[in-house]
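Here's my_file38.cif, which has mmCIF, C-alpha atoms and all ligand atoms:
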data_structure
#
loop_
_atom_site.label_atom_id
_atom_site.label_comp_id
_atom_site.auth_asym_id
_atom_site.auth_seq_id
_atom_site.Cartn_x
_atom_site.Cartn_y
_atom_site.Cartn_z
CA MET Y 420 0.00 0.00 0.00
CA SER Y 421 1.27 3.50 -0.75
CA ILE Y 422 1.46 5.93 2.16
CA LEU Y 423 -1.40 7.95 0.66
CA GLU Y 424 -3.56 4.81 0.61
CA THR Y 425 -2.53 3.96 4.19
CA ILE Y 426 -3.49 7.47 5.31
CA ARG Y 427 -6.84 7.20 3.50
CA HIS Y 428 -7.51 3.76 4.96
CA ARG Y 429 -6.59 4.50 8.61
CA ARG Y 430 -9.34 5.21 11.10
CA SER Y 431 -9.50 4.99 14.88
CA VAL Y 432 -10.33 1.41 15.85
CA ARG Y 433 -12.03 1.01 19.22
CA THR Y 434 -13.49 -2.50 18.79
CA PHE Y 435 -11.02 -5.39 18.41
CA ASP Y 436 -11.69 -9.07 17.67
CA GLY Y 437 -9.82 -10.51 20.66
CA THR Y 438 -6.91 -12.03 18.70
CA ALA Y 439 -3.66 -11.58 20.63
CA LEU Y 440 -0.96 -9.42 19.03
CA ARG Y 441 1.67 -11.72 17.46
CA PRO Y 442 5.06 -11.40 19.21
CA GLU Y 443 6.75 -10.81 15.83
CA ASP Y 444 4.41 -7.87 15.13
CA ALA Y 445 5.10 -6.44 18.59
CA GLN Y 446 8.82 -6.70 17.89
CA LYS Y 447 8.48 -5.12 14.43
CA LEU Y 448 6.58 -2.20 15.95
CA LEU Y 449 9.11 -1.63 18.71
CA ASP Y 450 12.03 -1.89 16.27
CA PHE Y 451 10.33 0.57 13.93
CA ALA Y 452 9.34 3.01 16.70
CA GLY Y 453 12.85 2.96 18.12
CA LYS Y 454 14.28 4.06 14.77
CA VAL Y 455 11.87 6.89 13.89
CA GLU Y 456 13.61 10.24 14.02
CA ASN Y 457 11.69 13.48 14.45
CA PRO Y 458 12.52 16.97 13.17
CA TYR Y 459 13.05 18.20 16.74
CA ASP Y 460 15.55 15.46 17.65
CA ILE Y 461 13.68 14.66 20.86
CA PRO Y 462 14.05 11.00 21.85
CA ILE Y 463 10.99 8.95 22.82
CA THR Y 464 10.97 5.73 24.86
CA TRP Y 465 8.45 3.10 23.71
CA LYS Y 466 6.87 0.14 25.43
CA ILE Y 467 4.23 -2.40 24.53
CA LEU Y 468 2.12 -3.02 27.60
CA ASP Y 469 -0.12 -5.85 28.72
CA ALA Y 470 -3.41 -4.59 30.18
CA LYS Y 471 -3.90 -7.48 32.59
CA LYS Y 472 -0.38 -7.35 34.04
CA ASN Y 473 -0.53 -3.59 34.57
CA GLY Y 474 -4.22 -3.00 35.35
CA LEU Y 475 -4.69 -0.83 32.23
CA SER Y 476 -8.07 0.05 30.80
CA SER Y 477 -9.99 2.46 28.65
CA PRO Y 478 -13.77 2.85 28.72
CA VAL Y 479 -13.88 3.19 24.93
CA ILE Y 480 -11.74 0.22 23.86
CA VAL Y 481 -12.93 -3.40 23.77
CA GLY Y 482 -11.39 -6.68 22.53
CA THR Y 483 -7.66 -6.17 23.09
CA ASP Y 484 -5.27 -6.32 26.06
CA THR Y 485 -2.30 -4.81 24.25
CA TRP Y 486 -1.24 -1.18 24.28
CA ILE Y 487 1.63 0.88 22.98
CA ALA Y 488 2.81 3.97 24.84
CA GLY Y 489 5.63 6.46 24.52
CA LYS Y 490 7.20 8.86 26.98
CA MET Y 491 9.71 11.68 26.65
CA ARG Y 492 11.46 14.46 28.55
CA ARG Y 493 9.52 17.71 28.93
CA ALA Y 494 11.04 20.12 26.39
CA PRO Y 495 10.00 22.87 23.99
CA HIS Y 496 8.27 21.25 20.97
CA ALA Y 497 7.90 17.91 22.80
CA GLU Y 498 4.27 17.71 21.70
CA GLU Y 499 4.95 18.20 17.98
CA ALA Y 500 7.80 15.69 18.19
CA PHE Y 501 5.50 13.19 19.93
CA GLY Y 502 2.68 13.68 17.42
CA TYR Y 503 5.01 13.33 14.44
CA THR Y 504 6.70 10.19 15.78
CA PHE Y 505 3.66 8.40 17.17
CA GLU Y 506 1.77 8.95 13.90
CA LYS Y 507 4.56 7.23 11.98
CA VAL Y 508 4.14 4.28 14.36
CA VAL Y 509 0.34 4.37 13.89
CA LEU Y 510 0.73 4.28 10.11
CA PHE Y 511 3.25 1.46 10.35
CA ALA Y 512 0.76 -0.51 12.51
CA GLU Y 513 -1.88 0.14 9.82
CA GLU Y 514 0.49 -1.33 7.23
CA LEU Y 515 0.80 -4.44 9.43
CA GLY Y 516 -3.01 -4.71 9.41
CA LEU Y 517 -3.31 -3.61 13.04
CA GLY Y 518 -5.90 -1.21 14.43
CA THR Y 519 -4.95 1.76 16.63
CA THR Y 520 -6.60 4.75 18.31
CA TRP Y 521 -4.81 7.79 19.61
CA ILE Y 522 -5.93 8.12 23.24
CA ALA Y 523 -5.11 11.12 25.41
CA GLY Y 524 -8.09 11.22 27.74
CA THR Y 525 -10.17 8.05 27.91
CA MET Y 526 -7.82 5.82 29.94
CA ASN Y 527 -6.87 5.13 33.57
CA ARG Y 528 -3.86 7.41 33.21
CA ASP Y 529 -2.28 6.68 36.60
CA ALA Y 530 -1.95 2.99 35.74
CA PHE Y 531 -0.45 3.74 32.31
CA GLU Y 532 2.03 6.27 33.75
CA LYS Y 533 3.02 3.76 36.43
CA ALA Y 534 3.54 1.02 33.84
CA MET Y 535 5.67 3.45 31.79
CA LYS Y 536 7.59 4.59 34.90
CA VAL Y 537 6.99 8.24 33.94
CA SER Y 538 9.20 10.46 36.13
CA GLU Y 539 8.66 14.10 37.18
CA ASP Y 540 10.55 15.50 34.21
CA GLU Y 541 8.82 13.25 31.68
CA VAL Y 542 5.45 13.21 29.90
CA MET Y 543 3.38 10.43 28.33
CA PRO Y 544 0.73 12.37 26.45
CA CYS Y 545 -0.97 9.55 24.51
CA ILE Y 546 -1.25 5.80 24.17
CA SER Y 547 -2.90 3.46 21.67
CA PRO Y 548 -4.45 0.03 21.77
CA LEU Y 549 -3.07 -2.52 19.30
CA GLY Y 550 -4.93 -5.44 17.78
CA CYS Y 551 -7.04 -6.83 14.96
CA PRO Y 552 -10.04 -4.67 14.14
CA ALA Y 553 -13.36 -6.44 14.76
CA LYS Y 554 -15.66 -6.85 11.75
CA LYS Y 555 -18.36 -4.82 13.49
CA MET Y 556 -17.95 -1.68 15.59
CA SER Y 557 -19.46 -1.61 19.09
CA LEU Y 558 -22.52 0.57 19.61
CA ARG Y 559 -20.39 2.90 21.75
CA GLU Y 560 -17.78 3.21 19.00
CA ASN Y 561 -20.48 4.06 16.48
CA MET Y 562 -21.91 6.68 18.78
CA MET Y 563 -18.48 8.17 19.49
CA ARG Y 564 -17.72 8.45 15.80
CA ARG Y 565 -21.02 10.19 15.19
CA GLY Y 566 -20.45 12.49 18.18
CA VAL Y 567 -17.20 13.91 16.75
CA LYS Y 568 -18.19 13.53 13.08
CA ALA Y 569 -15.14 11.28 12.75
CA ASP Y 570 -15.77 10.54 9.07
CA SER Y 571 -15.68 14.14 7.94
CA ARG Y 572 -13.07 16.86 7.77
CA LEU Y 573 -13.18 20.63 7.29
CA PRO Y 574 -13.20 21.76 3.66
CA PHE Y 575 -9.87 22.35 1.92
CA GLY Y 576 -10.34 26.13 1.77
CA GLU Y 577 -10.85 26.40 5.53
CA LEU Y 578 -7.56 24.65 6.28
CA PHE Y 579 -5.22 25.84 3.55
CA TYR Y 580 -4.31 29.32 2.30
CA GLU Y 581 -2.13 31.01 -0.25
CA GLY Y 582 0.11 33.91 0.77
CA SER Y 583 -2.07 35.03 3.67
CA PHE Y 584 -5.01 33.92 5.79
CA GLU Y 585 -7.15 36.15 3.60
CA ARG Y 586 -6.77 33.90 0.54
CA PRO Y 587 -8.27 30.41 0.98
CA LEU Y 588 -6.66 27.85 -1.33
CA ASP Y 589 -8.81 25.98 -3.78
CA ARG Y 590 -7.92 22.29 -4.20
CA GLY Y 591 -7.77 22.82 -7.96
CA ALA Y 592 -5.21 25.60 -7.53
CA ALA Y 593 -2.95 23.54 -5.24
CA GLY Y 594 -1.25 21.81 -8.19
CA ARG Y 595 1.25 19.14 -7.19
CA LEU Y 596 0.59 19.85 -3.51
CA ALA Y 597 -3.10 18.92 -3.75
CA ASP Y 598 -2.56 15.29 -2.62
CA VAL Y 599 -0.03 16.32 0.02
CA LEU Y 600 -2.50 18.76 1.57
CA GLU Y 601 -5.28 16.18 1.29
CA ALA Y 602 -3.08 13.82 3.33
CA VAL Y 603 -2.89 16.50 6.03
CA ARG Y 604 -6.65 17.06 5.85
CA LEU Y 605 -7.32 13.38 6.55
CA ALA Y 606 -5.13 13.26 9.66
CA PRO Y 607 -6.60 12.26 13.03
CA SER Y 608 -6.88 14.93 15.73
CA ALA Y 609 -8.16 15.20 19.29
CA VAL Y 610 -11.98 15.43 19.19
CA ASN Y 611 -11.54 15.74 15.41
CA LYS Y 612 -10.93 19.49 15.85
CA GLN Y 613 -8.36 19.66 13.00
CA PRO Y 614 -6.38 22.62 14.35
CA TRP Y 615 -3.88 22.64 11.49
CA ARG Y 616 -3.77 25.53 9.05
CA ILE Y 617 -1.19 25.86 6.28
CA VAL Y 618 -0.24 29.02 4.41
CA LEU Y 619 1.63 28.38 1.16
CA CYS Y 620 4.14 31.09 0.25
CA GLY Y 621 6.02 30.16 -2.91
CA SER Y 622 8.01 27.02 -2.10
CA ARG Y 623 7.23 27.19 1.62
CA ALA Y 624 4.38 25.63 3.55
CA HIS Y 625 3.95 27.38 6.89
CA PHE Y 626 2.05 25.40 9.54
CA TYR Y 627 -0.16 27.17 12.09
CA GLU Y 628 -2.16 25.90 15.05
CA LYS Y 629 -5.67 27.26 15.40
CA ARG Y 630 -6.16 26.70 19.12
CA SER Y 631 -9.48 25.70 20.67
CA ARG Y 632 -10.10 26.28 24.34
CA GLY Y 633 -9.43 23.50 26.85
CA TYR Y 634 -6.70 21.51 25.10
CA ASP Y 635 -3.68 22.87 27.01
CA ASN Y 636 -3.51 21.24 30.45
CA GLY Y 637 -0.40 23.10 31.58
CA SER Y 638 1.80 20.05 30.96
CA TRP Y 639 1.13 19.79 27.25
CA ASP Y 640 -1.05 21.25 24.52
CA LEU Y 641 -2.92 18.38 22.91
CA GLN Y 642 -3.44 20.34 19.73
CA LYS Y 643 0.33 20.67 19.29
CA ILE Y 644 0.34 16.88 19.16
CA ASP Y 645 -2.22 17.19 16.34
CA MET Y 646 0.21 19.60 14.67
CA GLY Y 647 2.96 16.99 14.83
CA ILE Y 648 0.61 14.52 13.16
CA ALA Y 649 -0.08 17.05 10.39
CA LEU Y 650 3.67 17.60 9.86
CA CYS Y 651 4.15 13.85 9.62
CA HIS Y 652 1.43 13.42 6.98
CA PHE Y 653 2.76 16.35 4.94
CA GLU Y 654 6.30 15.03 4.93
CA LEU Y 655 5.37 11.41 4.16
CA ALA Y 656 3.01 12.35 1.33
CA ALA Y 657 5.43 14.88 -0.16
CA LYS Y 658 8.28 12.37 -0.15
CA GLU Y 659 6.13 9.69 -1.73
CA LEU Y 660 5.24 12.11 -4.52
CA GLY Y 661 8.93 12.75 -5.15
CA LEU Y 662 9.14 16.17 -3.51
CA ASN Y 663 12.24 17.00 -1.53
CA VAL Y 664 11.16 18.77 1.66
CA ALA Y 665 13.23 20.41 4.38
CA PHE Y 666 11.97 21.21 7.86
CA ALA Y 667 12.57 24.67 9.35
CA LEU Y 668 11.54 26.79 12.30
CA SER Y 669 11.39 30.30 10.83
CA ASP Y 670 8.27 32.29 11.53
CA PRO Y 671 7.28 34.31 8.43
CA GLU Y 672 5.18 36.58 10.69
CA ILE Y 673 2.13 36.35 8.53
CA PRO Y 674 -0.71 38.27 10.24
CA ALA Y 675 -2.94 35.71 11.97
CA ALA Y 676 -5.92 35.73 14.35
CA GLY Y 677 -5.19 35.78 18.09
CA ASP Y 678 -6.03 32.07 18.48
CA THR Y 679 -3.69 31.05 15.63
CA GLY Y 680 0.04 30.58 16.17
CA TYR Y 681 3.03 29.61 14.04
CA ILE Y 682 4.37 26.07 14.46
CA ALA Y 683 6.86 25.15 11.70
CA THR Y 684 7.66 25.27 7.98
CA TYR Y 685 8.40 22.77 5.24
CA GLU Y 686 10.38 24.13 2.35
CA ILE Y 687 9.85 22.29 -0.91
CA ARG Y 688 13.10 21.92 -2.79
CA GLU Y 689 13.33 20.61 -6.32
C1 LIG U 701 -3.99 13.66 20.08
C2 LIG U 701 -5.25 12.83 19.99
C3 LIG U 701 -5.92 12.45 21.15
C4 LIG U 701 -7.07 11.64 21.07
N1 LIG U 701 -7.68 11.22 22.23
C5 LIG U 701 -8.72 10.36 22.17
C6 LIG U 701 -9.29 9.84 23.38
O1 LIG U 701 -8.88 10.14 24.49
N2 LIG U 701 -10.32 8.93 23.24
C7 LIG U 701 -10.81 8.55 22.01
O2 LIG U 701 -11.72 7.73 21.98
N3 LIG U 701 -10.30 9.05 20.85
C8 LIG U 701 -9.26 9.94 20.91
N4 LIG U 701 -8.70 10.42 19.74
C9 LIG U 701 -9.21 9.98 18.44
C10 LIG U 701 -10.00 11.05 17.70
O3 LIG U 701 -11.27 11.19 18.27
C11 LIG U 701 -10.10 10.66 16.19
O4 LIG U 701 -8.81 10.63 15.64
C12 LIG U 701 -10.96 11.64 15.39
O5 LIG U 701 -12.28 11.61 15.85
C13 LIG U 701 -10.96 11.31 13.89
O6 LIG U 701 -11.40 10.00 13.67
P1 LIG U 701 -10.50 8.94 12.90
O7 LIG U 701 -9.23 8.78 13.71
O8 LIG U 701 -11.30 7.67 12.85
O9 LIG U 701 -10.18 9.50 11.53
C14 LIG U 701 -7.58 11.25 19.79
C15 LIG U 701 -6.90 11.65 18.64
C16 LIG U 701 -5.75 12.42 18.73
C17 LIG U 701 -5.02 12.78 17.48
#
Could I get this structure in the form of structure tokens?
Amino acid sequence: MSILETIRHRRSVRTFDGTALRPEDAQKLLDFAGKVENPYDIPITWKILDAKKNGLSSPVIVGTDTWIAGKMRRAPHAEEAFGYTFEKVVLFAEELGLGTTWIAGTMNRDAFEKAMKVSEDEVMPCISPLGCPAKKMSLRENMMRRGVKADSRLPFGELFYEGSFERPLDRGAAGRLADVLEAVRLAPSAVNKQPWRIVLCGSRAHFYEKRSRGYDNGSWDLQKIDMGIALCHFELAAKELGLNVAFALSDPEIPAAGDTGYIATYEIRE
């Protein structure tokens, strides 16, 4: 499967069929996760956890006892680094035929943090179940999906702009970046809020976070994790389409609304 197909195919899976994760798949995931580098060079420690051994649970997940979690030192940009890296792991799991769901809230967090041995100077923002998707979603999963309109995304012109936030970008005018931006549009985000905005300026794609209230808990801003996921999708899709992209932190100071802040830039090089 191409990365674009994997991105299109992925969805949060909250109902699993009970089949245990094969040890070789667990090993492949850990090997892969351990090798993923992120643009911020912030290391992440990964573990695959057994729910029964560690007393782990989530009220929204049924049919699997296996979880993957990552932790890292508190640092500037830790959230974007976490989002970028974890999403690569999520997409790799999808390629292995495994279901995942990003979970930041609906878990017994104390038990997960204990199992991960999270220390004072570390954070473990999200976890995910791992397993084989069940053929049929649970009633609760169906209701949750409907509640956050999980199958829809904001229109292209609300997310992407050309030159300034005053000029929405039409998909037809996006040229060779149309599929790359579509890959960003399809990304998962907390409560499906889709905080990512991109302003294209010549060969540069500037990423902005449009913040909603209630997502920054003082330890981390969940929507910055969403931003890391968006960066990951952009980079993977661009590379697959043969574009050479370089990451940069250089704020172009484009006038933006008060709730919208600069995150990072990808420069597209020929
Ligand atoms: C950072 C982040 C945190 C999330 N936290 C939760 C959560 O606590 N519980 C949950 O059921 N889903 C959670 N989700 C899943 C989103 O609800 C889901 O990605 C979104 O509704 C889009 O649906 P899709 O993933 O099926 O495309 C989270 C997603 C992200 C990216």
Requested in this report: Name the residues in contact with Ala488 of chain Y at a cut-off of 9 Å, using all atoms listed in the file, excluding same-chain residues fewer than 3 positions from it; report them as a PyMOL selection string.
Outcome: chain Y and resi 464-468+505+531+535+543-548
Can you build me a table of chain Y residues sitting at most 6 Å from ligand LIG 701 (chain U), with the closest atom pair per residue and its distance in Å to one decimal, using all atoms listed in the file, sorted by chain and residue number, as a tab-separated table?
residue	atom	partner	partner_atom	distance
Y:Arg430	CA	U:LIG701	O8	3.6
Y:Ser431	CA	U:LIG701	O8	3.8
Y:Val479	CA	U:LIG701	O2	5.8
Y:Thr520	CA	U:LIG701	C9	5.8
Y:Trp521	CA	U:LIG701	C14	4.4
Y:Ile522	CA	U:LIG701	N1	3.7
Y:Ala523	CA	U:LIG701	O1	4.0
Y:Gly524	CA	U:LIG701	O1	3.5
Y:Thr525	CA	U:LIG701	O1	4.2
Y:Val567	CA	U:LIG701	O5	5.5
Y:Ala569	CA	U:LIG701	O6	4.1
Y:Pro607	CA	U:LIG701	O4	3.8
Y:Ser608	CA	U:LIG701	C17	3.3
Y:Ala609	CA	U:LIG701	C16	3.7
Y:Val610	CA	U:LIG701	O3	4.4
Y:Asn611	CA	U:LIG701	C12	4.1
Y:Leu641	CA	U:LIG701	C1	5.6
Y:Ile644	CA	U:LIG701	C1	5.5
Y:Asp645	CA	U:LIG701	C17	5.3
Query raised in the report: What lies within 8 Å of Arg429 of chain Y using all atoms listed in the file, ignoring chain neighbours under 2 positions off, as a PyMOL selection string?
Result: chain Y and resi 425-427+431+510+513
Requested in this report: Go through Y:Leu423, Y:Ile617, Y:Val509, Y:Ala494 one by one, measure the shortest atom-to-atom distance of each to Glu541 of chain Y using all atoms listed in the file, and give the residue with the smallest value.
Outcome: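 Checking each candidate against Glu541 of chain Y, we get Y:Ala494 as the closest.
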Requested in this report: Would you work out the distance separating atom CA of Pro462 of chain Y from atom CA of Tyr503 of chain Y, expressed in Å to one decimal?
Outcome: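 Those two atoms sit 11.9 Å apart.
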Need to verify the contact set: Tyr459 of chain Y, 8 Å, all atoms listed in the file, exclusion of same-chain residues closer than 2 positions in sequence. Can you return it as a compact mmCIF listing (two decimals) with C-alpha atoms, keeping the file's coordinate frame?
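Final output, result_23.txt:
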# COMPACT_ATOMS: atom_id res chain seq x y z
CA ASN Y 457 11.69 13.48 14.45
CA ILE Y 461 13.68 14.66 20.86
CA HIS Y 496 8.27 21.25 20.97
CA ALA Y 497 7.90 17.91 22.80
CA ALA Y 500 7.80 15.69 18.19
Query raised in the report: Taking only C-alpha atoms into account, which of Y:Met562, Y:Leu549, Y:Asn473, Y:Asp436 comes nearest Ile487 of chain Y?
Result: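 Using only C-alpha atoms, the shortest distance to Ile487 of chain Y belongs to Y:Leu549.
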Query - Contacts of Trp639 of chain Y at 8 Å (all atoms listed in the file; same-chain gap of 3+ positions) as a PyMOL selection string - result: chain Y and resi 498+544+635-636
Give one line per residue of segment 517-603 of chain Y that approaches segment 674-689 of chain Y to at most 12 Å, naming the two atoms of the closest pair and their distance in Å to one decimal, counting only C-alpha atoms; sort by chain then ascending residue number and deliver it as JSON lines.
{"residue": "Y:Leu578", "atom": "CA", "partner": "Y:Thr679", "partner_atom": "CA", "distance": 12.0}
{"residue": "Y:Tyr580", "atom": "CA", "partner": "Y:Ala675", "partner_atom": "CA", "distance": 11.7}
{"residue": "Y:Gly582", "atom": "CA", "partner": "Y:Pro674", "partner_atom": "CA", "distance": 10.5}
{"residue": "Y:Ser583", "atom": "CA", "partner": "Y:Pro674", "partner_atom": "CA", "distance": 7.5}
{"residue": "Y:Phe584", "atom": "CA", "partner": "Y:Ala675", "partner_atom": "CA", "distance": 6.8}
{"residue": "Y:Glu585", "atom": "CA", "partner": "Y:Ala675", "partner_atom": "CA", "distance": 9.4}
{"residue": "Y:Arg595", "atom": "CA", "partner": "Y:Ile687", "partner_atom": "CA", "distance": 11.1}
{"residue": "Y:Leu596", "atom": "CA", "partner": "Y:Ile687", "partner_atom": "CA", "distance": 9.9}
{"residue": "Y:Val599", "atom": "CA", "partner": "Y:Ile687", "partner_atom": "CA", "distance": 11.6}
Report task. Counting only C-alpha atoms, figure out which residue out of Y:Ala656, Y:Leu668, Y:Ile480, Y:Ile673 gets nearest to Leu619 of chain Y. Result -> Y:Ile673
Query raised in the report: Which value, in Å to one decimal, gives the distance between atom CA of Pro671 of chain Y and atom CA of Ala593 of chain Y?
Result: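 Interatomic distance here is 20.2 Å.
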Report task. Could you please determine the separation between atom CA of Ile463 of chain Y and atom CA of Arg433 of chain Y in Å, to one decimal place? Result -> 24.6 Å
Requested in this report: Please provide the set of residues having any atom within 9 Å of Arg572 of chain Y, restricted to all atoms listed in the file, with same-chain residues fewer than 2 positions apart removed, written as an NGL selection string.
Outcome: :Y and (568-570 or 574-575 or 604-606 or 611-613)
**Report entry** Pick from Y:Pro458, Y:Gly516, Y:Pro478, Y:Pro442, whichever lies nearest to Glu654 of chain Y using all atoms listed in the file
**Finding:**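 Distance minimum relative to Glu654 of chain Y lands on Y:Pro458.
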Query - Option closest in space to Ala512 of chain Y, from Y:Leu448, Y:Leu440, Y:Leu600, Y:Leu660 [counting only C-alpha atoms] - result: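 Counting only C-alpha atoms, the residue closest to Ala512 of chain Y is Y:Leu448.
Nearest to Phe666 of chain Y of all the residues Y:Val432, Y:Met563, Y:Leu558, Y:Cys651 is Y:Cys651, based on all atoms listed in the file.
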